[in-house]
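J.: Structure below; questions to follow.
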Amino acid sequence: PSPQLTPEQRAYIGDLAVRAAQAVGYENAGTVEFLLAEGEVYFMEMNTRVQVEHTITEEITGLDIVREQIRIASGLPLSVKQEDIIHRGYALQFRINAEDPKNNFLPSFGKITRYYAPGGPGVRTDTAIYTGYTIPPYYDSMCLKLIVWALTWEEAMDRGLRALDDMRVQGVRTTAPYYQEILRNPEFRSGQFNTSFVESHPELTEYSIKRNPSHLAIAIATAIAAHAGL
């Protein structure tokens, strides 16, 4: 949940979302979006589908939203009632895109030479990529969704940093190191940021990519093997 919303505001926009769906006779999973400005909430749009960010809601509620959507499409009722749903902790989702943040987020398509998914408590990955998979230039550049959950906002950010550091997507440039810079930013960590955060912090793309020791070891081993004629 947003650190900037009060429980009263959250309940208010939830009620507005339900009323909007009822007004048009909508019966399926959907997403109603609002903007918060100077303490007031404003309706922005309704998407008649599950959003990419639905995994955040799943992590803090323990619900399987896609499963509920399939139940609705099958003519079955929801498996839970609103009063049964409890929010617990904080979740963050990182869209790991095949893009180069240092080059104006230019798409970086090609073959993934190595993929390693992070794990551990509170870490989830949704993806279909694998080592040897080729990212085509014809579709969205998202490689995977990395989701982390923790009891507090600070713990969620720290867990995100650790998971991003553990993850390996080699062969293409990705947005992972850029997200690490965001998670280290004091303004972001305070929870006092808004939709202009990326635009107002262009310096976050000025990170340096450190060579992984395992990469150097492989290069040295390859050179030695070639010199020895192996």
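The chains in the structure tokens are called A, B, ... from first to last as shown; in each chain the residues are counted from 1, and the ligands are counted from 1 in the order shown.
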Find the residues near segment 60-62 of chain A: any atom within 9 Å, counting only C-alpha atoms, skip ones fewer than 2 places away on the same chain, and give them as an MDAnalysis selection string.

T.: chainID A and resid 1 55:58 64 85:91 149:150

J.: How would the residues just picked look written out with C-alpha atoms as a PDB file, in the first residue's frame?

T.:
```pdb
ATOM      1  CA  PRO A   1       0.000   0.000   0.000  1.00  0.00           C
ATOM      2  CA  THR A  55       0.998  -9.241  -8.049  1.00  0.00           C
ATOM      3  CA  ILE A  56       1.468  -6.510  -5.422  1.00  0.00           C
ATOM      4  CA  THR A  57      -2.143  -6.887  -4.304  1.00  0.00           C
ATOM      5  CA  GLU A  58      -1.768 -10.663  -4.313  1.00  0.00           C
ATOM      6  CA  ASP A  64      -4.854 -15.264  -6.376  1.00  0.00           C
ATOM      7  CA  ILE A  85      -9.599  -9.489   2.928  1.00  0.00           C
ATOM      8  CA  ILE A  86      -6.781  -8.267   5.164  1.00  0.00           C
ATOM      9  CA  HIS A  87      -3.768  -6.213   4.055  1.00  0.00           C
ATOM     10  CA  ARG A  88      -0.505  -7.387   5.573  1.00  0.00           C
ATOM     11  CA  GLY A  89       2.902  -5.832   4.972  1.00  0.00           C
ATOM     12  CA  TYR A  90       4.320  -4.107   1.886  1.00  0.00           C
ATOM     13  CA  ALA A  91       5.139  -5.356  -1.596  1.00  0.00           C
ATOM     14  CA  TRP A 149       7.154  -8.717   0.169  1.00  0.00           C
ATOM     15  CA  ALA A 150       8.017  -7.781   3.766  1.00  0.00           C
TER      16      ALA A 150
END
```

J.: Quick one: pick out all strand (DSSP E or B) residues within segment 61-158 of chain A from a backbone DSSP run and write them as a PyMOL selection string.

T.: chain A and resi 90-97+99-100+106-107+110-111+114-116+123-127+134-135+142-150

J.: From the set A:Glu40, A:Val80, A:Met167, A:His227, which residue has the shortest atom-to-atom contact distance to Phe94 of chain A, counting only C-alpha atoms?

T.: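 Smallest separation from Phe94 of chain A among the options: A:Met167.
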
J.: Mind checking which residues fall within 10 Å of segment 154-161 of chain A, counting only C-alpha atoms, ignoring those fewer than 5 positions away in the same chain, and posting them as a list in words?

T.: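 Counting only C-alpha atoms, the residues come to Gly89, Tyr90, Ala91, Leu92, Gln93, Phe94, Gly120, Pro121, Gly122, Val123, Leu146, Ile147, Val148, Trp149, Asp166, Ala176, Pro177, Tyr179, Gln180, Glu181, Ile182, Leu183, Arg184, Phe188, Arg189, Ser190 and Gly191 of chain A.
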
J.: If you keep N, CA, C and O atoms, can you produce a file of those selected residues as a CSV table (one decimal), in the first residue's frame?

T.:
```
chain,number,residue,atom,x,y,z
A,89,GLY,N,1.6,-6.1,5.5
A,89,GLY,CA,2.9,-5.8,5.0
A,89,GLY,C,2.9,-4.9,3.7
A,89,GLY,O,1.9,-4.3,3.4
A,90,TYR,N,4.1,-4.9,3.1
A,90,TYR,CA,4.3,-4.1,1.9
A,90,TYR,C,4.9,-5.0,0.8
A,90,TYR,O,5.7,-5.9,1.1
A,91,ALA,N,4.6,-4.6,-0.5
A,91,ALA,CA,5.1,-5.4,-1.6
A,91,ALA,C,5.6,-4.4,-2.7
A,91,ALA,O,5.1,-3.3,-2.8
A,92,LEU,N,6.7,-4.7,-3.4
A,92,LEU,CA,7.2,-4.0,-4.5
A,92,LEU,C,7.3,-4.9,-5.7
A,92,LEU,O,7.7,-6.0,-5.6
A,93,GLN,N,7.0,-4.3,-6.8
A,93,GLN,CA,7.2,-5.1,-8.1
A,93,GLN,C,8.2,-4.3,-9.0
A,93,GLN,O,8.1,-3.1,-9.2
A,94,PHE,N,9.1,-5.1,-9.5
A,94,PHE,CA,10.1,-4.5,-10.5
A,94,PHE,C,9.9,-5.1,-11.8
A,94,PHE,O,10.0,-6.4,-12.0
A,120,GLY,N,14.4,-17.0,-1.9
A,120,GLY,CA,14.4,-16.7,-0.5
A,120,GLY,C,13.0,-16.2,0.0
A,120,GLY,O,12.1,-16.1,-0.8
A,121,PRO,N,12.8,-16.0,1.3
A,121,PRO,CA,11.6,-15.6,1.8
A,121,PRO,C,11.1,-14.3,1.2
A,121,PRO,O,11.9,-13.3,1.1
A,122,GLY,N,9.8,-14.2,0.8
A,122,GLY,CA,9.2,-13.0,0.4
A,122,GLY,C,9.7,-12.6,-1.0
A,122,GLY,O,9.5,-11.4,-1.4
A,123,VAL,N,10.2,-13.5,-1.8
A,123,VAL,CA,10.7,-13.2,-3.2
A,123,VAL,C,9.9,-14.0,-4.2
A,123,VAL,O,9.8,-15.3,-4.0
A,146,LEU,N,9.7,-9.2,-11.0
A,146,LEU,CA,10.3,-9.5,-9.7
A,146,LEU,C,9.5,-8.9,-8.6
A,146,LEU,O,9.4,-7.6,-8.6
A,147,ILE,N,8.9,-9.7,-7.7
A,147,ILE,CA,8.1,-9.1,-6.6
A,147,ILE,C,8.7,-9.5,-5.3
A,147,ILE,O,9.1,-10.6,-5.1
A,148,VAL,N,8.7,-8.5,-4.4
A,148,VAL,CA,9.2,-8.8,-3.0
A,148,VAL,C,8.2,-8.3,-2.0
A,148,VAL,O,7.4,-7.4,-2.3
A,149,TRP,N,8.1,-9.0,-0.9
A,149,TRP,CA,7.2,-8.7,0.2
A,149,TRP,C,7.9,-8.7,1.5
A,149,TRP,O,8.8,-9.5,1.7
A,166,ASP,N,21.0,-10.5,-6.4
A,166,ASP,CA,21.1,-11.9,-6.6
A,166,ASP,C,20.7,-12.3,-8.0
A,166,ASP,O,21.3,-13.3,-8.5
A,176,ALA,N,17.4,-3.5,-14.1
A,176,ALA,CA,17.7,-3.9,-12.7
A,176,ALA,C,18.6,-3.0,-12.0
A,176,ALA,O,18.3,-2.6,-10.9
A,177,PRO,N,19.8,-2.6,-12.5
A,177,PRO,CA,20.7,-1.7,-11.8
A,177,PRO,C,20.0,-0.3,-11.5
A,177,PRO,O,20.3,0.3,-10.5
A,179,TYR,N,16.9,0.2,-10.9
A,179,TYR,CA,16.0,0.0,-9.7
A,179,TYR,C,16.8,0.0,-8.4
A,179,TYR,O,16.3,0.5,-7.4
A,180,GLN,N,18.0,-0.5,-8.5
A,180,GLN,CA,18.8,-0.5,-7.3
A,180,GLN,C,19.1,0.9,-6.9
A,180,GLN,O,19.2,1.2,-5.7
A,181,GLU,N,19.4,1.8,-7.8
A,181,GLU,CA,19.7,3.2,-7.5
A,181,GLU,C,18.5,3.8,-6.9
A,181,GLU,O,18.6,4.6,-6.0
A,182,ILE,N,17.3,3.5,-7.4
A,182,ILE,CA,16.1,4.1,-6.9
A,182,ILE,C,15.9,3.7,-5.4
A,182,ILE,O,15.5,4.5,-4.6
A,183,LEU,N,16.1,2.4,-5.2
A,183,LEU,CA,15.9,1.9,-3.8
A,183,LEU,C,16.9,2.5,-2.8
A,183,LEU,O,16.6,2.4,-1.6
A,184,ARG,N,18.0,3.0,-3.3
A,184,ARG,CA,19.0,3.6,-2.4
A,184,ARG,C,18.7,5.1,-2.2
A,184,ARG,O,19.4,5.7,-1.3
A,188,PHE,N,13.1,8.4,-2.1
A,188,PHE,CA,12.3,7.2,-2.3
A,188,PHE,C,12.1,6.4,-1.0
A,188,PHE,O,11.0,6.0,-0.7
A,189,ARG,N,13.2,6.3,-0.3
A,189,ARG,CA,13.1,5.5,0.9
A,189,ARG,C,12.2,6.1,2.0
A,189,ARG,O,11.6,5.4,2.8
A,190,SER,N,12.1,7.4,2.0
A,190,SER,CA,11.2,8.1,2.9
A,190,SER,C,9.8,8.0,2.6
A,190,SER,O,8.9,8.2,3.5
A,191,GLY,N,9.5,7.5,1.4
A,191,GLY,CA,8.1,7.4,1.0
A,191,GLY,C,7.5,8.6,0.5
A,191,GLY,O,6.3,8.7,0.1
```

J.: Between A:Gly75, A:Gly30, A:Gly25, A:Pro101, which has the minimum distance to Val50 of chain A (counting only C-alpha atoms)?

T.: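 Closest candidate: A:Gly30.
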
J.: What gap, in Å, lies between atom CA of Ser196 of chain A and atom CA of Glu53 of chain A?

T.: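 Atom CA of Ser196 of chain A sits 19.1 Å away from atom CA of Glu53 of chain A.
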
J.: Within 9 Å of Ile135 of chain A, counting only C-alpha atoms, which residues show up once you throw out same-chain ones fewer than 2 positions away? Write them as a ChimeraX atom specification, please.

T.: /A:98,108-112,129,133,137-139,141,143,172

J.: Taking the chain letters and numbering used in this document, name the residues of segment 18-146 of chain A that DSSP puts in helix (DSSP H, G or I), as a list in words.

T.: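 Those residues are Val18, Arg19, Ala20, Ala21, Gln22, Ala23, His54, Thr55, Ile56, Thr57, Glu58, Glu59, Ile60, Thr61, Ile65, Val66, Arg67, Glu68, Gln69, Ile70, Arg71, Ile72, Ala73, Gln82, Glu83, Asp84, Pro101, Lys102 and Asn103 of chain A.
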
J.: Name the closest residue to Leu78 of chain A among the candidates A:Asn28, A:Thr205, A:Ser200, A:Thr48; distances are taken between atoms, counting only C-alpha atoms.

T.: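 Closest to Leu78 of chain A of all the choices is A:Asn28.
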
J.: Please indicate the distance in Å from atom CA of Thr131 of chain A to atom CA of Arg95 of chain A, rounded to one decimal place.

T.: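 One can read the atom CA of Thr131 of chain A to atom CA of Arg95 of chain A distance as 18.5 Å.
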
J.: May I ask which of the residues A:Trp153, A:Leu164, A:Tyr115, A:Thr174 is the closest one to Ile96 of chain A, counting only C-alpha atoms?

T.: A:Thr174
